[in-house]
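So the structure is just underneath, and the comments pick up after that.
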Amino acid sequence: MHFVTGGAFNGKRRWVEAFYGYPHKSGGWHSFYESADVSKEVWDHGIVVLEGMEMFVKNTLNEVNEKGREQLRLELKKWCEWEQSNGTRKLVLIGSDIGKGIVPIEKEHRLWRDMAGWFYQDIVSAAYRVDVIWYGLSERLK
Amino acid sequence: MIVFITGGVRSGKSSFAEQLATDAARRISRNLHYIATSQKTDQEMEERIKRHQEKREHSPFAWRTWEVPVCLEGIADYFQSGDVLLLDCLTNLATNELFAGWENGTEKWQNGNYRSEVYHRIIQVIEQLDQRGVTLFIVSNEIFQSPIPDDPGTLYFAELLGKLHQHIVAMAARAYLVENGIATVKKGEHHEGER
């Protein structure tokens, strides 16, 4: 699994499109900003890109709240198993960094940030490659 | 030549950019132009502007200051090859452009065509200055690493600024990120003799 992160509006999607030659209109591309659920057909493709990890975290929190981290790990495990079950499959996760800046006052916003931070650590540890995108420039961390 | 400098609030990005600009002007013995973008909206902003002005007055270099809260293209023709310009900062310019007219109730930013026009107008003038052989230092803000508030105005602003940064970094000879007064080179090579 390849994790691509960086700040919002930094060109992460465009970088992934160029890196894999795989436009975001492709069938294997899912954005959690468009829908909370990944449709079955997405998994029929050789490359699957899941975009908006921060939104996926938010949706999961709305459902299960504090038990969220376990739930997130389970989902991540399922995704990675999909990739590993066939050597030609490729999984790319895109997530915006939301962890810097002022700690929000609202409890649910703090929980969201915390949960996203933990989940990203889980993703990074499962990933074989991690890139941070800064205004279109990439820096490989792993 | 375009040099892009970004950083958080109080990161030291302005001082670093001023240093780069004065070094460049000294090397090629050219005039320094400072493009100020703030609108004097309140007491705090006035003090901030004053602080920057005093710093430049005490500098051994002759800065010429241009007050350009909007429409950078209006002064572009005054500059020629070899001039050194410091634009501080792009964040203000983009804010002033995007939300122009709000004080009398004209919310142009809600219109997608207008947002696109603002983007292209800013990119065009930067490209024009670059092609003319001006050395342009552009200072801007890092605002993208915390959750972006989801009201439409803020989202459109973040989108505009992010797109501008991406385009400018792509065309820049050098790009820096300044954190806690320390600059990291993200693109290009930092020249000897520059801090």
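Numbering starts fresh at 1 for the residues of each chain in the structure tokens, the chains themselves are lettered A, B, ... in the order given, and ligands are numbered from 1 as they appear.
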
Considering only C-alpha atoms, tabulate each residue of chain B that lies at most 9 Å from chain A along with its nearest interatomic pair and the corresponding distance in Å to one decimal; arrange the rows by chain and ascending residue number and present them as JSON lines.
{"residue": "B:Ile143", "atom": "CA", "partner": "A:Gly7", "partner_atom": "CA", "distance": 8.3}
{"residue": "B:Phe144", "atom": "CA", "partner": "A:Gly7", "partner_atom": "CA", "distance": 4.7}
{"residue": "B:Gln145", "atom": "CA", "partner": "A:Gly7", "partner_atom": "CA", "distance": 4.8}
{"residue": "B:Ser146", "atom": "CA", "partner": "A:Ile98", "partner_atom": "CA", "distance": 4.1}
{"residue": "B:Pro147", "atom": "CA", "partner": "A:Ile98", "partner_atom": "CA", "distance": 4.9}
{"residue": "B:Ile148", "atom": "CA", "partner": "A:Ala8", "partner_atom": "CA", "distance": 7.9}
{"residue": "B:Ala158", "atom": "CA", "partner": "A:Phe9", "partner_atom": "CA", "distance": 7.1}
{"residue": "B:Glu159", "atom": "CA", "partner": "A:Phe9", "partner_atom": "CA", "distance": 5.8}
{"residue": "B:Leu160", "atom": "CA", "partner": "A:Phe9", "partner_atom": "CA", "distance": 8.6}
{"residue": "B:Leu161", "atom": "CA", "partner": "A:Phe9", "partner_atom": "CA", "distance": 8.2}
{"residue": "B:Gly162", "atom": "CA", "partner": "A:Phe9", "partner_atom": "CA", "distance": 4.8}
{"residue": "B:Lys163", "atom": "CA", "partner": "A:Phe9", "partner_atom": "CA", "distance": 6.8}
{"residue": "B:His165", "atom": "CA", "partner": "A:Tyr135", "partner_atom": "CA", "distance": 6.1}
{"residue": "B:Gln166", "atom": "CA", "partner": "A:Tyr135", "partner_atom": "CA", "distance": 4.3}
{"residue": "B:His167", "atom": "CA", "partner": "A:Tyr135", "partner_atom": "CA", "distance": 7.9}
{"residue": "B:Ile168", "atom": "CA", "partner": "A:Tyr135", "partner_atom": "CA", "distance": 8.7}
{"residue": "B:Val169", "atom": "CA", "partner": "A:Tyr135", "partner_atom": "CA", "distance": 6.6}
{"residue": "B:Ala170", "atom": "CA", "partner": "A:Gly136", "partner_atom": "CA", "distance": 7.4}
{"residue": "B:Lys186", "atom": "CA", "partner": "A:Leu137", "partner_atom": "CA", "distance": 8.0}
{"residue": "B:Lys187", "atom": "CA", "partner": "A:Leu137", "partner_atom": "CA", "distance": 8.2}

Select from region 60-133 of chain A every residue with an atom at most 12 Å from any atom of region 25-44 of chain A, then for each give the shortest pair of atoms and their distance in Å to one decimal, using only C-alpha atoms, rows by chain and rising number, as a Markdown table.
| residue | atom | partner | partner_atom | distance |
| --- | --- | --- | --- | --- |
| A:Thr60 | CA | A:Ala36 | CA | 8.9 |
| A:Leu61 | CA | A:Ala36 | CA | 11.9 |
| A:Asn62 | CA | A:Ala36 | CA | 11.2 |
| A:Glu63 | CA | A:Ala36 | CA | 11.2 |
| A:Glu75 | CA | A:Val38 | CA | 11.3 |
| A:Lys78 | CA | A:Trp43 | CA | 11.5 |
| A:Trp79 | CA | A:Trp43 | CA | 9.4 |
| A:Cys80 | CA | A:Trp43 | CA | 11.8 |
| A:Glu81 | CA | A:Trp43 | CA | 11.7 |
| A:Trp82 | CA | A:Trp43 | CA | 8.1 |
| A:Glu83 | CA | A:Trp43 | CA | 9.5 |
| A:Asn86 | CA | A:Asp44 | CA | 11.9 |
| A:Arg89 | CA | A:Trp43 | CA | 9.7 |
| A:Lys90 | CA | A:Gly28 | CA | 10.2 |
| A:Leu91 | CA | A:Gly28 | CA | 9.6 |
| A:Val92 | CA | A:Trp29 | CA | 9.3 |
| A:Leu93 | CA | A:His30 | CA | 9.8 |
| A:Ile94 | CA | A:Ser31 | CA | 9.2 |
| A:Gly95 | CA | A:Phe32 | CA | 10.2 |
| A:Ser96 | CA | A:Phe32 | CA | 11.9 |

Nearest to Thr37 (chain B), chosen from B:Val178, B:Ala94, B:Ile75, B:Ile123, with only C-alpha atoms counted in the distances: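 The closest residue to Thr37 (chain B) is B:Ala94.
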
Region 23-192 of chain B: residues DSSP assigns to strand (DSSP E), reported as a PyMOL selection string: chain B and resi 32-36+63-67+84-88+135-141+174-179+182-187

Those in region 64-125 of chain A with helix (DSSP H, G or I) from DSSP, as a PyMOL selection string: chain A and resi 64-84+107-125

Interatomic distance, CA of Glu67 (chain B) to CA of Gln39 (chain B) (Å, one decimal): 8.8 Å

Separation of CA of Phe157 (chain B) from CA of Lys107 (chain A) in Å: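 About the pair CA of Lys107 (chain A) and CA of Phe157 (chain B): they are 26.0 Å apart.
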